[in-house]
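> This is the structure I want to talk about, given as structure tokens.
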4 protein chains.
Amino acid sequence: MTPPRDRPTFTEAARRQQIIDAALQTIAEQGYTQASFAEIARSLGITKGLIAYHFDGRHDLITSAIQTLLSRQSAYVKERVAAHHDAVGRMQAYIAASFDYIAQHRAHVAALVDLWGSFTSPLEKVAFSQTAYEPCRAHLRAIMRAGLEQGVFAECDPTVMAAVIQAGIDGVMLQWVFDPTAVDLAAASHELQTMVMQRIRR
Amino acid sequence: MTPPRDRPTFTEAARRQQIIDAALQTIAEQGYTQASFAEIARSLGITKGLIAYHFDGRHDLITSAIQTLLSRQSAYVKERVAAHHDAVGRMQAYIAASFDYIAQHRAHVAALVDLWGSFTSPLEKVAFSQTAYEPCRAHLRAIMRAGLEQGVFAECDPTVMAAVIQAGIDGVMLQWVFDPTAVDLAAASHELQTMVMQRIRR
Amino acid sequence: MTPPRDRPTFTEAARRQQIIDAALQTIAEQGYTQASFAEIARSLGITKGLIAYHFDGRHDLITSAIQTLLSRQSAYVKERVAAHHDAVGRMQAYIAASFDYIAQHRAHVAALVDLWGSFTSPLEKVAFSQTAYEPCRAHLRAIMRAGLEQGVFAECDPTVMAAVIQAGIDGVMLQWVFDPTAVDLAAASHELQTMVMQRIRR
Amino acid sequence: MTPPRDRPTFTEAARRQQIIDAALQTIAEQGYTQASFAEIARSLGITKGLIAYHFDGRHDLITSAIQTLLSRQSAYVKERVAAHHDAVGRMQAYIAASFDYIAQHRAHVAALVDLWGSFTSPLEKVAFSQTAYEPCRAHLRAIMRAGLEQGVFAECDPTVMAAVIQAGIDGVMLQWVFDPTAVDLAAASHELQTMVMQRIRR
DNA sequence: AATGAATGAGCATTCATTCAT
DNA sequence: CATGAATGAATGCTCATTCAT
């Protein structure tokens with residue numbers, strides 16, 4: 001059990017992160033169901049008791065892993081988008097950055113696809129949707145709205161556009177996770193940008 | 001032990017299908033990891049021994065369930081596409097039919113998303129990709145090529161286009177599985193068609 | 001998990017009883033906390049999985065064991081008491097039978113003493129009190145009341161008398177469980193009968 | 001490791017007592033099995049490592065707790081008994097004091113009942129009997145013998161009487177621990193005194 | 001004197017699987 | 001075909017204990 005501490009120690013934080021990373025790696029390599037405490041511990045050369053010591057059970061570990069996953073990807077994309085100041089540039093940056101992150105973090109996105117199947121109740125699914133998807137769509141919506149207000153984007157529903165663009169990114173990622181030779185990430189990134197731009201540019 | 005497969009009896013085939021459907025329902029409702037033989041058996045009022053009798057282990061059941069899933073969706077889409085004889089109509093029909101199937105078979109697609117995380121080795125993932133994705137993309141590629149040959153589609157790479165279109169469909173499905181209120185399926189279907197048409201029409 | 005069956009099969013009932021008896025024996029010999037599924041299974045030459053198959057978890061096993069314990073003792077005492085038809089005879093029979101049962105079933109009463117400490121919440125304790133103690137006290141109260149009505153017992157509060165008499169029995173049992181050489185069961189039985197009779201006889 | 005016991009410091013002794021009291025409280029509230037080092041430590045706001053530092057393992061802690069329990073009760077009863085100088089007064093004082101202590105220390109006696117089930121071997125049980133029960137019975141025997149010698153008690157076996165009287169006290173305590181509404185402690189105290197006096201007074 | 005990190009054995013429980021009937 | 005009994009391996013988790021700091 002994680003000791004209830006006001007300020008987690010340095011060791012504590014480092015261990016937690018180390019275990020989370022090992023968990024993601026193991027999930028990516030062997031699948032969510034095979035990623036047992038024992039397996040993760042083995043990959044780190046520690047005992048499974050230590051995992052139980054640092055996390056409040058499996059749910060806590062998985063949740064923390066998902067958090068890590070999402071915040072890293074989100075931070076990466078946000079930074080790249082922020083480098084641009086026009087709606088067109090930002091939209092292209094969002095798509096390009098998303099694909100770049102995917103290409104550079106195969107294990108992470110593979111783990112993510114596995115974790116999609118880890119929710120057992122509709123409530124957990126909705127919660128994940130709110131935590132993981134909604135921020136992405138909201139980001140895209142904001143870019144869309146800015147473009148519309150500035151008059152550089154053609155009329156369209158930002159909500160639907162956001163969902164469809166994110167869908168394109170995730171869908172390609174999915175195909176690529178299953179078989180990296182089945183789809184050319186760079187080409188897909190380019191094509192999606194083209195498609196979206198042709199649709200929304202005034 | 002699975003009985004010899006040379007000539008499956010009628011009863012045998014019916015039982016298998018019954019079990020597969022119950023498995024899909026259970027996976028959709030409770031998640032892949034919760035869908036144990038015992039749980040599936042309970043939902044059917046039979047014993048788990050009987051499931052083991054009709055399937056060569058869990059892998060066989062899951063594989064068969066995925067097959068069922070894919071062939072039903074594929075058959076539905078194929079039929080709808082075949083009703084059209086021009087590339088534009090076929091492309092729109094493919095997208096529309098895919099979304100319609102999704103909307104009408106929530107449990108099935110929910111199960112599918114859960115099953116995405118059920119593969120433990122890269123080989124299984126590649127095999128799934130070949131069985132599940134490749135036929136869809138091939139279908140889309142064929143429609144694309146016909147349109148290009150007929151001169152009604154603008155120049156583009158059919159392989160990449162197929163991947164991106166399928167990605168858009170799957171990605172929206174994913175968001176909708178997690179939270180049906182998060183995305184409007186009909187609007188997304190419409191938007192994806194618009195986007196694709198604007199891109200590929202000459 | 002126990003399969004939900006309308007009528008438990010013969011094998012099922014026999015196995016359950018066999019496991020319960022082994023559990024009581026193990027508790028008596030090694031203590032409640034040491035009586036793990038593994039230990040009980042080992043003493044029977046079966047696997048612990050089988051115990052889990054026949055009982056709905058540890059709580060179910062322990063509860064069933066206590067039930068067995070109480071009903072056997074109760075049945076024995078009731079039969080001995082019923083052989084008498086006067087209040088004096090019945091009261092003496094109750095005490096004598098209780099001590100005789102204790103003397104002849106050391107393992108059972110040793111297990112019972114251990115199980116006294118197995119309740120973790122006040123609610124469980126109260127429930128045990130209702131199930132285990134109240135029927136004993138009620139039996140004694142009924143004997144007392146009959147004696148009072150027949151005018152053979154001196155005036156006294158049947159409720160308090162019942163509690164104190166049962167207390168004497170249980171308290172001696174406790175001392176004898178800890179060290180069989182520390183107290184002479186037969187002498188204690190005799191003395192308690194004498195004491196009670198001297199108190200309640202008119 | 002326990003620090004050398006030759007001259008325990010003041011702090012050391014205080015800590016030990018503090019931990020023992022917390023342990024008793026926790027056992028009384030949550031049961032013997034739930035009273036883990038972690039739980040006891042949590043209730044004190046210290047770490048479980050500190051408990052291990054002050055006690056030579058769990059057995060040492062439990063043993064010390066029992067010692068504390070017994071010596072407190074014993075001291076209380078001894079003092080009350082010593083206030084009387086005749087056998088009759090002392091016998092009544094012993095019973096009355098025992099019940100009074102019980103009534104005023106519910107947590108302690110609840111813990112004691114739980115601890116009855118904490119011995120895993122016959123040897124431990126016998127040792128407990130010698131430490132806990134024998135002194136009580138010896139005290140009662142001494143009172144009995146004095147009464148007999150002084151000619152105020154009727155002829156009877158002091159050993160058996162002692163066992164039965166103590167049994168009555170413990171048995172009522174047991175019922176009261178399980179359900180405080182099930183038995184009236186004061187009435188039981190009174191009744192036991194009456195019963196005993198009627199039996200032993202010449 | 002006290003902590004936080006780590007261990008390793010043991011726990012109840014789950015589950016796919018086997019098999020005699 | 002179908003069942004119920006039984007297995008054995010694996011899982012998450014708990015806990016007393018150890019120890020460097």
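In the structure tokens, chains take the letters A, B, ... in the order shown, each chain's residues start at 1, and ligands count up from 1 in the order shown.
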Within 12 Å of chain F, which residues of chain B are there when counting only C-alpha atoms (C1' of nucleotides)? Please give them as a list of chain:residue names.
B:Thr2, B:Pro3, B:Thr9, B:Thr11, B:Glu12, B:Arg15, B:Ile46, B:Thr47, B:Lys48, B:Gly49, B:Leu50, B:Ile51, B:Ala52, B:Tyr53, B:His54
> Would you mind listing what lies within 9 Å of stretch 172-187 of chain D as an mmCIF file with all heavy atoms, in the first residue's frame, with only C-alpha atoms (C1' of nucleotides) counted and same-chain residues fewer than 3 positions away left out?

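Contents of out-v3.cif, freshly written:
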data_model
loop_
_atom_site.group_PDB
_atom_site.id
_atom_site.type_symbol
_atom_site.label_atom_id
_atom_site.label_comp_id
_atom_site.auth_asym_id
_atom_site.auth_seq_id
_atom_site.Cartn_x
_atom_site.Cartn_y
_atom_site.Cartn_z
ATOM 1 N N TRP C 116 -14.547 -18.229 17.984
ATOM 2 C CA TRP C 116 -15.045 -17.075 18.732
ATOM 3 C C TRP C 116 -14.307 -15.807 18.325
ATOM 4 O O TRP C 116 -14.873 -14.718 18.360
ATOM 5 C CB TRP C 116 -14.857 -17.284 20.245
ATOM 6 C CG TRP C 116 -15.889 -18.163 20.861
ATOM 7 C CD1 TRP C 116 -17.093 -18.527 20.337
ATOM 8 C CD2 TRP C 116 -15.809 -18.791 22.160
ATOM 9 N NE1 TRP C 116 -17.760 -19.346 21.210
ATOM 10 C CE2 TRP C 116 -17.006 -19.517 22.343
ATOM 11 C CE3 TRP C 116 -14.848 -18.804 23.188
ATOM 12 C CZ2 TRP C 116 -17.264 -20.246 23.496
ATOM 13 C CZ3 TRP C 116 -15.116 -19.524 24.327
ATOM 14 C CH2 TRP C 116 -16.313 -20.243 24.487
ATOM 15 N N PRO C 122 -18.699 -5.938 14.846
ATOM 16 C CA PRO C 122 -19.737 -6.103 15.863
ATOM 17 C C PRO C 122 -20.979 -6.795 15.305
ATOM 18 O O PRO C 122 -21.593 -7.611 15.978
ATOM 19 C CB PRO C 122 -20.050 -4.659 16.259
ATOM 20 C CG PRO C 122 -18.812 -3.903 15.970
ATOM 21 C CD PRO C 122 -18.199 -4.555 14.775
ATOM 22 N N GLU C 124 -21.144 -9.064 12.970
ATOM 23 C CA GLU C 124 -20.933 -10.504 12.885
ATOM 24 C C GLU C 124 -21.035 -11.137 14.263
ATOM 25 O O GLU C 124 -21.554 -12.242 14.414
ATOM 26 C CB GLU C 124 -19.558 -10.797 12.276
ATOM 27 C CG GLU C 124 -19.511 -10.636 10.771
ATOM 28 C CD GLU C 124 -18.137 -10.980 10.233
ATOM 29 O OE1 GLU C 124 -17.179 -10.198 10.489
ATOM 30 O OE2 GLU C 124 -17.988 -12.014 9.573
ATOM 31 N N LYS C 125 -20.520 -10.413 15.260
ATOM 32 C CA LYS C 125 -20.577 -10.943 16.617
ATOM 33 C C LYS C 125 -22.015 -11.070 17.089
ATOM 34 O O LYS C 125 -22.416 -12.076 17.660
ATOM 35 C CB LYS C 125 -19.778 -10.025 17.563
ATOM 36 C CG LYS C 125 -18.286 -10.178 17.396
ATOM 37 C CD LYS C 125 -17.506 -9.316 18.386
ATOM 38 C CE LYS C 125 -16.009 -9.597 18.260
ATOM 39 N NZ LYS C 125 -15.176 -8.687 19.038
ATOM 40 N N VAL C 126 -22.793 -10.039 16.837
ATOM 41 C CA VAL C 126 -24.192 -10.089 17.243
ATOM 42 C C VAL C 126 -24.919 -11.213 16.518
ATOM 43 O O VAL C 126 -25.691 -11.966 17.108
ATOM 44 C CB VAL C 126 -24.883 -8.732 16.978
ATOM 45 C CG1 VAL C 126 -26.385 -8.862 17.132
ATOM 46 C CG2 VAL C 126 -24.342 -7.665 17.915
ATOM 47 N N ALA C 127 -24.630 -11.340 15.232
ATOM 48 C CA ALA C 127 -25.278 -12.400 14.462
ATOM 49 C C ALA C 127 -24.937 -13.771 15.041
ATOM 50 O O ALA C 127 -25.800 -14.642 15.179
ATOM 51 C CB ALA C 127 -24.838 -12.325 12.997
ATOM 52 N N PHE C 128 -23.676 -13.936 15.408
ATOM 53 C CA PHE C 128 -23.265 -15.204 16.016
ATOM 54 C C PHE C 128 -23.989 -15.407 17.335
ATOM 55 O O PHE C 128 -24.468 -16.511 17.634
ATOM 56 C CB PHE C 128 -21.753 -15.205 16.245
ATOM 57 C CG PHE C 128 -21.270 -16.409 16.987
ATOM 58 C CD1 PHE C 128 -21.223 -17.654 16.377
ATOM 59 C CD2 PHE C 128 -20.866 -16.303 18.308
ATOM 60 C CE1 PHE C 128 -20.776 -18.775 17.070
ATOM 61 C CE2 PHE C 128 -20.419 -17.414 19.016
ATOM 62 C CZ PHE C 128 -20.373 -18.653 18.396
ATOM 63 N N SER C 129 -24.093 -14.352 18.089
ATOM 64 C CA SER C 129 -24.782 -14.431 19.374
ATOM 65 C C SER C 129 -26.220 -14.904 19.183
ATOM 66 O O SER C 129 -26.709 -15.772 19.900
ATOM 67 C CB SER C 129 -24.767 -13.057 20.048
ATOM 68 O OG SER C 129 -25.490 -13.082 21.251
ATOM 69 N N GLN C 130 -26.864 -14.338 18.191
ATOM 70 C CA GLN C 130 -28.250 -14.706 17.918
ATOM 71 C C GLN C 130 -28.374 -16.161 17.492
ATOM 72 O O GLN C 130 -29.294 -16.867 17.886
ATOM 73 C CB GLN C 130 -28.817 -13.815 16.799
ATOM 74 C CG GLN C 130 -28.925 -12.351 17.175
ATOM 75 C CD GLN C 130 -30.003 -12.094 18.214
ATOM 76 O OE1 GLN C 130 -30.945 -12.862 18.314
ATOM 77 N NE2 GLN C 130 -29.836 -11.043 19.004
ATOM 78 N N TYR C 133 -25.879 -18.474 20.660
ATOM 79 C CA TYR C 133 -26.144 -18.390 22.085
ATOM 80 C C TYR C 133 -27.616 -18.344 22.413
ATOM 81 O O TYR C 133 -28.085 -18.974 23.359
ATOM 82 C CB TYR C 133 -25.470 -17.152 22.674
ATOM 83 C CG TYR C 133 -24.132 -17.501 23.182
ATOM 84 C CD1 TYR C 133 -22.984 -17.010 22.604
ATOM 85 C CD2 TYR C 133 -24.009 -18.383 24.258
ATOM 86 C CE1 TYR C 133 -21.753 -17.356 23.076
ATOM 87 C CE2 TYR C 133 -22.779 -18.740 24.735
ATOM 88 C CZ TYR C 133 -21.658 -18.231 24.147
ATOM 89 O OH TYR C 133 -20.441 -18.590 24.609
ATOM 90 N N GLU C 134 -28.315 -17.525 21.655
ATOM 91 C CA GLU C 134 -29.697 -17.287 21.993
ATOM 92 C C GLU C 134 -30.504 -18.591 22.061
ATOM 93 O O GLU C 134 -31.257 -18.803 23.020
ATOM 94 C CB GLU C 134 -30.312 -16.279 21.025
ATOM 95 C CG GLU C 134 -31.626 -15.721 21.456
ATOM 96 C CD GLU C 134 -31.742 -15.446 22.961
ATOM 97 O OE1 GLU C 134 -30.726 -15.037 23.559
ATOM 98 O OE2 GLU C 134 -32.833 -15.658 23.529
ATOM 99 N N THR C 159 -34.330 -15.452 32.705
ATOM 100 C CA THR C 159 -33.385 -14.917 31.722
ATOM 101 C C THR C 159 -31.964 -14.876 32.299
ATOM 102 O O THR C 159 -31.009 -15.330 31.659
ATOM 103 C CB THR C 159 -33.803 -13.484 31.312
ATOM 104 O OG1 THR C 159 -35.107 -13.533 30.759
ATOM 105 C CG2 THR C 159 -32.825 -12.908 30.307
ATOM 106 N N VAL C 160 -31.863 -14.344 33.502
ATOM 107 C CA VAL C 160 -30.540 -14.262 34.126
ATOM 108 C C VAL C 160 -29.999 -15.652 34.451
ATOM 109 O O VAL C 160 -28.833 -15.956 34.194
ATOM 110 C CB VAL C 160 -30.605 -13.382 35.391
ATOM 111 C CG1 VAL C 160 -29.257 -13.370 36.098
ATOM 112 C CG2 VAL C 160 -31.046 -11.979 35.047
ATOM 113 N N ALA C 163 -28.614 -17.339 31.370
ATOM 114 C CA ALA C 163 -27.314 -16.786 30.972
ATOM 115 C C ALA C 163 -26.197 -17.312 31.866
ATOM 116 O O ALA C 163 -25.133 -17.713 31.382
ATOM 117 C CB ALA C 163 -27.362 -15.263 31.011
ATOM 118 N N VAL C 164 -26.459 -17.350 33.171
ATOM 119 C CA VAL C 164 -25.409 -17.762 34.104
ATOM 120 C C VAL C 164 -25.105 -19.253 33.993
ATOM 121 O O VAL C 164 -23.944 -19.668 34.035
ATOM 122 C CB VAL C 164 -25.805 -17.375 35.549
ATOM 123 C CG1 VAL C 164 -24.818 -17.970 36.541
ATOM 124 C CG2 VAL C 164 -25.851 -15.858 35.698
ATOM 125 N N GLN C 166 -25.528 -21.192 31.317
ATOM 126 C CA GLN C 166 -24.793 -21.393 30.066
ATOM 127 C C GLN C 166 -23.362 -20.889 30.217
ATOM 128 O O GLN C 166 -22.413 -21.506 29.715
ATOM 129 C CB GLN C 166 -25.498 -20.653 28.916
ATOM 130 C CG GLN C 166 -24.907 -20.930 27.544
ATOM 131 C CD GLN C 166 -25.075 -22.399 27.145
ATOM 132 O OE1 GLN C 166 -26.149 -22.958 27.267
ATOM 133 N NE2 GLN C 166 -23.988 -23.024 26.707
ATOM 134 N N ALA C 167 -23.212 -19.797 30.926
ATOM 135 C CA ALA C 167 -21.879 -19.242 31.163
ATOM 136 C C ALA C 167 -20.998 -20.240 31.888
ATOM 137 O O ALA C 167 -19.823 -20.433 31.527
ATOM 138 C CB ALA C 167 -21.985 -17.944 31.962
ATOM 139 N N GLY C 168 -21.557 -20.892 32.901
ATOM 140 C CA GLY C 168 -20.780 -21.879 33.642
ATOM 141 C C GLY C 168 -20.284 -22.998 32.741
ATOM 142 O O GLY C 168 -19.120 -23.419 32.813
ATOM 143 N N ASP C 170 -19.884 -22.923 29.369
ATOM 144 C CA ASP C 170 -18.909 -22.421 28.401
ATOM 145 C C ASP C 170 -17.572 -22.091 29.062
ATOM 146 O O ASP C 170 -16.511 -22.335 28.495
ATOM 147 C CB ASP C 170 -19.449 -21.167 27.710
ATOM 148 C CG ASP C 170 -20.696 -21.468 26.899
ATOM 149 O OD1 ASP C 170 -20.858 -22.624 26.469
ATOM 150 O OD2 ASP C 170 -21.504 -20.538 26.694
ATOM 151 N N GLY C 171 -17.651 -21.519 30.239
ATOM 152 C CA GLY C 171 -16.426 -21.129 30.925
ATOM 153 C C GLY C 171 -15.571 -22.327 31.290
ATOM 154 O O GLY C 171 -14.340 -22.280 31.175
ATOM 155 N N ALA D 96 -17.844 -9.673 42.244
ATOM 156 C CA ALA D 96 -18.312 -8.317 41.922
ATOM 157 C C ALA D 96 -17.238 -7.520 41.183
ATOM 158 O O ALA D 96 -17.518 -6.858 40.180
ATOM 159 C CB ALA D 96 -18.726 -7.590 43.191
ATOM 160 N N PHE D 99 -16.783 -8.636 37.537
ATOM 161 C CA PHE D 99 -17.836 -8.106 36.661
ATOM 162 C C PHE D 99 -17.693 -6.597 36.464
ATOM 163 O O PHE D 99 -17.929 -6.081 35.374
ATOM 164 C CB PHE D 99 -19.222 -8.450 37.213
ATOM 165 C CG PHE D 99 -19.681 -9.829 36.824
ATOM 166 C CD1 PHE D 99 -19.606 -10.882 37.722
ATOM 167 C CD2 PHE D 99 -20.160 -10.076 35.550
ATOM 168 C CE1 PHE D 99 -20.025 -12.166 37.351
ATOM 169 C CE2 PHE D 99 -20.577 -11.346 35.173
ATOM 170 C CZ PHE D 99 -20.508 -12.408 36.089
ATOM 171 N N ASP D 100 -17.326 -5.915 37.499
ATOM 172 C CA ASP D 100 -17.154 -4.464 37.364
ATOM 173 C C ASP D 100 -16.051 -4.140 36.367
ATOM 174 O O ASP D 100 -16.181 -3.241 35.540
ATOM 175 C CB ASP D 100 -16.828 -3.840 38.730
ATOM 176 C CG ASP D 100 -18.062 -3.799 39.620
ATOM 177 O OD1 ASP D 100 -19.177 -4.078 39.112
ATOM 178 O OD2 ASP D 100 -17.916 -3.507 40.824
ATOM 179 N N ILE D 102 -15.016 -5.948 33.922
ATOM 180 C CA ILE D 102 -15.533 -6.285 32.588
ATOM 181 C C ILE D 102 -16.406 -5.147 32.058
ATOM 182 O O ILE D 102 -16.228 -4.689 30.928
ATOM 183 C CB ILE D 102 -16.335 -7.603 32.660
ATOM 184 C CG1 ILE D 102 -15.380 -8.779 32.867
ATOM 185 C CG2 ILE D 102 -17.180 -7.804 31.405
ATOM 186 C CD1 ILE D 102 -16.059 -10.074 33.267
ATOM 187 N N ALA D 103 -17.324 -4.706 32.911
ATOM 188 C CA ALA D 103 -18.260 -3.664 32.478
ATOM 189 C C ALA D 103 -17.545 -2.375 32.098
ATOM 190 O O ALA D 103 -17.958 -1.657 31.186
ATOM 191 C CB ALA D 103 -19.285 -3.396 33.579
ATOM 192 N N ARG D 106 -14.746 -2.733 28.226
ATOM 193 C CA ARG D 106 -15.271 -3.536 27.118
ATOM 194 C C ARG D 106 -14.193 -3.852 26.074
ATOM 195 O O ARG D 106 -14.065 -4.992 25.633
ATOM 196 C CB ARG D 106 -16.439 -2.794 26.456
ATOM 197 C CG ARG D 106 -16.990 -3.434 25.210
ATOM 198 C CD ARG D 106 -18.484 -3.226 25.064
ATOM 199 N NE ARG D 106 -19.164 -4.484 25.084
ATOM 200 C CZ ARG D 106 -19.409 -5.202 23.963
ATOM 201 N NH1 ARG D 106 -19.058 -4.759 22.799
ATOM 202 N NH2 ARG D 106 -20.014 -6.368 24.039
ATOM 203 N N ALA D 107 -13.427 -2.855 25.673
ATOM 204 C CA ALA D 107 -12.419 -3.083 24.635
ATOM 205 C C ALA D 107 -11.424 -4.145 25.076
ATOM 206 O O ALA D 107 -11.061 -5.037 24.310
ATOM 207 C CB ALA D 107 -11.687 -1.784 24.301
ATOM 208 N N VAL D 109 -11.749 -6.654 27.307
ATOM 209 C CA VAL D 109 -12.247 -8.019 27.340
ATOM 210 C C VAL D 109 -12.612 -8.509 25.944
ATOM 211 O O VAL D 109 -12.477 -9.692 25.635
ATOM 212 C CB VAL D 109 -13.414 -8.182 28.336
ATOM 213 C CG1 VAL D 109 -12.915 -7.945 29.755
ATOM 214 C CG2 VAL D 109 -14.570 -7.255 28.020
ATOM 215 N N ALA D 110 -13.043 -7.590 25.085
ATOM 216 C CA ALA D 110 -13.297 -7.982 23.693
ATOM 217 C C ALA D 110 -12.000 -8.466 23.052
ATOM 218 O O ALA D 110 -11.976 -9.482 22.350
ATOM 219 C CB ALA D 110 -13.872 -6.811 22.906
ATOM 220 N N VAL D 113 -11.133 -11.991 24.341
ATOM 221 C CA VAL D 113 -11.875 -13.069 23.679
ATOM 222 C C VAL D 113 -11.262 -13.359 22.313
ATOM 223 O O VAL D 113 -11.128 -14.510 21.903
ATOM 224 C CB VAL D 113 -13.369 -12.690 23.543
ATOM 225 C CG1 VAL D 113 -14.092 -13.663 22.630
ATOM 226 C CG2 VAL D 113 -14.029 -12.652 24.907
ATOM 227 N N ALA D 167 -15.472 -19.887 35.691
ATOM 228 C CA ALA D 167 -16.186 -20.209 34.460
ATOM 229 C C ALA D 167 -17.430 -19.338 34.310
ATOM 230 O O ALA D 167 -17.705 -18.809 33.232
ATOM 231 C CB ALA D 167 -16.568 -21.688 34.440
ATOM 232 N N GLY D 168 -18.156 -19.196 35.393
ATOM 233 C CA GLY D 168 -19.357 -18.364 35.337
ATOM 234 C C GLY D 168 -19.034 -16.939 34.930
ATOM 235 O O GLY D 168 -19.730 -16.335 34.101
ATOM 236 N N ILE D 169 -17.982 -16.407 35.504
ATOM 237 C CA ILE D 169 -17.565 -15.035 35.164
ATOM 238 C C ILE D 169 -17.192 -14.933 33.687
ATOM 239 O O ILE D 169 -17.701 -14.097 32.947
ATOM 240 C CB ILE D 169 -16.378 -14.596 36.046
ATOM 241 C CG1 ILE D 169 -16.811 -14.549 37.514
ATOM 242 C CG2 ILE D 169 -15.842 -13.245 35.581
ATOM 243 C CD1 ILE D 169 -15.646 -14.423 38.497
ATOM 244 N N HIS D 190 -24.890 -10.394 40.286
ATOM 245 C CA HIS D 190 -25.692 -10.621 41.482
ATOM 246 C C HIS D 190 -26.124 -12.078 41.605
ATOM 247 O O HIS D 190 -25.994 -12.709 42.653
ATOM 248 C CB HIS D 190 -26.923 -9.710 41.434
ATOM 249 C CG HIS D 190 -27.458 -9.388 42.782
ATOM 250 N ND1 HIS D 190 -28.634 -9.889 43.248
ATOM 251 C CD2 HIS D 190 -26.932 -8.630 43.776
ATOM 252 C CE1 HIS D 190 -28.845 -9.449 44.482
ATOM 253 N NE2 HIS D 190 -27.825 -8.670 44.823
ATOM 254 N N GLU D 191 -26.604 -12.603 40.504
ATOM 255 C CA GLU D 191 -27.093 -13.977 40.502
ATOM 256 C C GLU D 191 -25.968 -14.967 40.808
ATOM 257 O O GLU D 191 -26.146 -15.926 41.576
ATOM 258 C CB GLU D 191 -27.736 -14.300 39.148
ATOM 259 C CG GLU D 191 -28.200 -15.739 38.995
ATOM 260 C CD GLU D 191 -29.218 -16.090 40.078
ATOM 261 O OE1 GLU D 191 -30.234 -15.390 40.223
ATOM 262 O OE2 GLU D 191 -28.965 -17.068 40.816
ATOM 263 N N LEU D 192 -24.814 -14.724 40.204
ATOM 264 C CA LEU D 192 -23.690 -15.650 40.449
ATOM 265 C C LEU D 192 -23.291 -15.609 41.925
ATOM 266 O O LEU D 192 -23.023 -16.654 42.539
ATOM 267 C CB LEU D 192 -22.496 -15.296 39.553
ATOM 268 C CG LEU D 192 -21.340 -16.307 39.589
ATOM 269 C CD1 LEU D 192 -21.796 -17.690 39.124
ATOM 270 C CD2 LEU D 192 -20.162 -15.844 38.727
#
> Within 9 Å of chain C, which residues of chain E are there when counting only C-alpha atoms (C1' of nucleotides)? Please give them as JSON, numbers by chain.
{"E": [11, 12, 13]}
> With distances taken over only C-alpha atoms, which of C:Ala35, C:Ile20, C:Leu140, C:Ala93 is nearest to chain D?
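Closest to chain D, using only C-alpha atoms: C:Ala35.
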> Could you please determine the separation between atom CA of A:Arg72 and atom CA of A:Ala188 in Å, to one decimal place?
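Spanning atom CA of A:Arg72 to atom CA of A:Ala188 is a straight-line distance of 22.1 Å.
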> Among stretch 3-198 of chain A, which ones does DSSP assign to helix (DSSP H, G or I) (computed from the backbone)? Answer as a PyMOL selection string.
chain A and resi 10-30+37-44+48-54+58-82+87-104+106-116+122-149+158-178+185-198
> For a test of reading the model, state the distance in Å between atom CA of A:Arg16 and atom CA of A:Ser71, rounded to one decimal.
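Atom CA of A:Ser71 lies at a distance of 15.7 Å from atom CA of A:Arg16.
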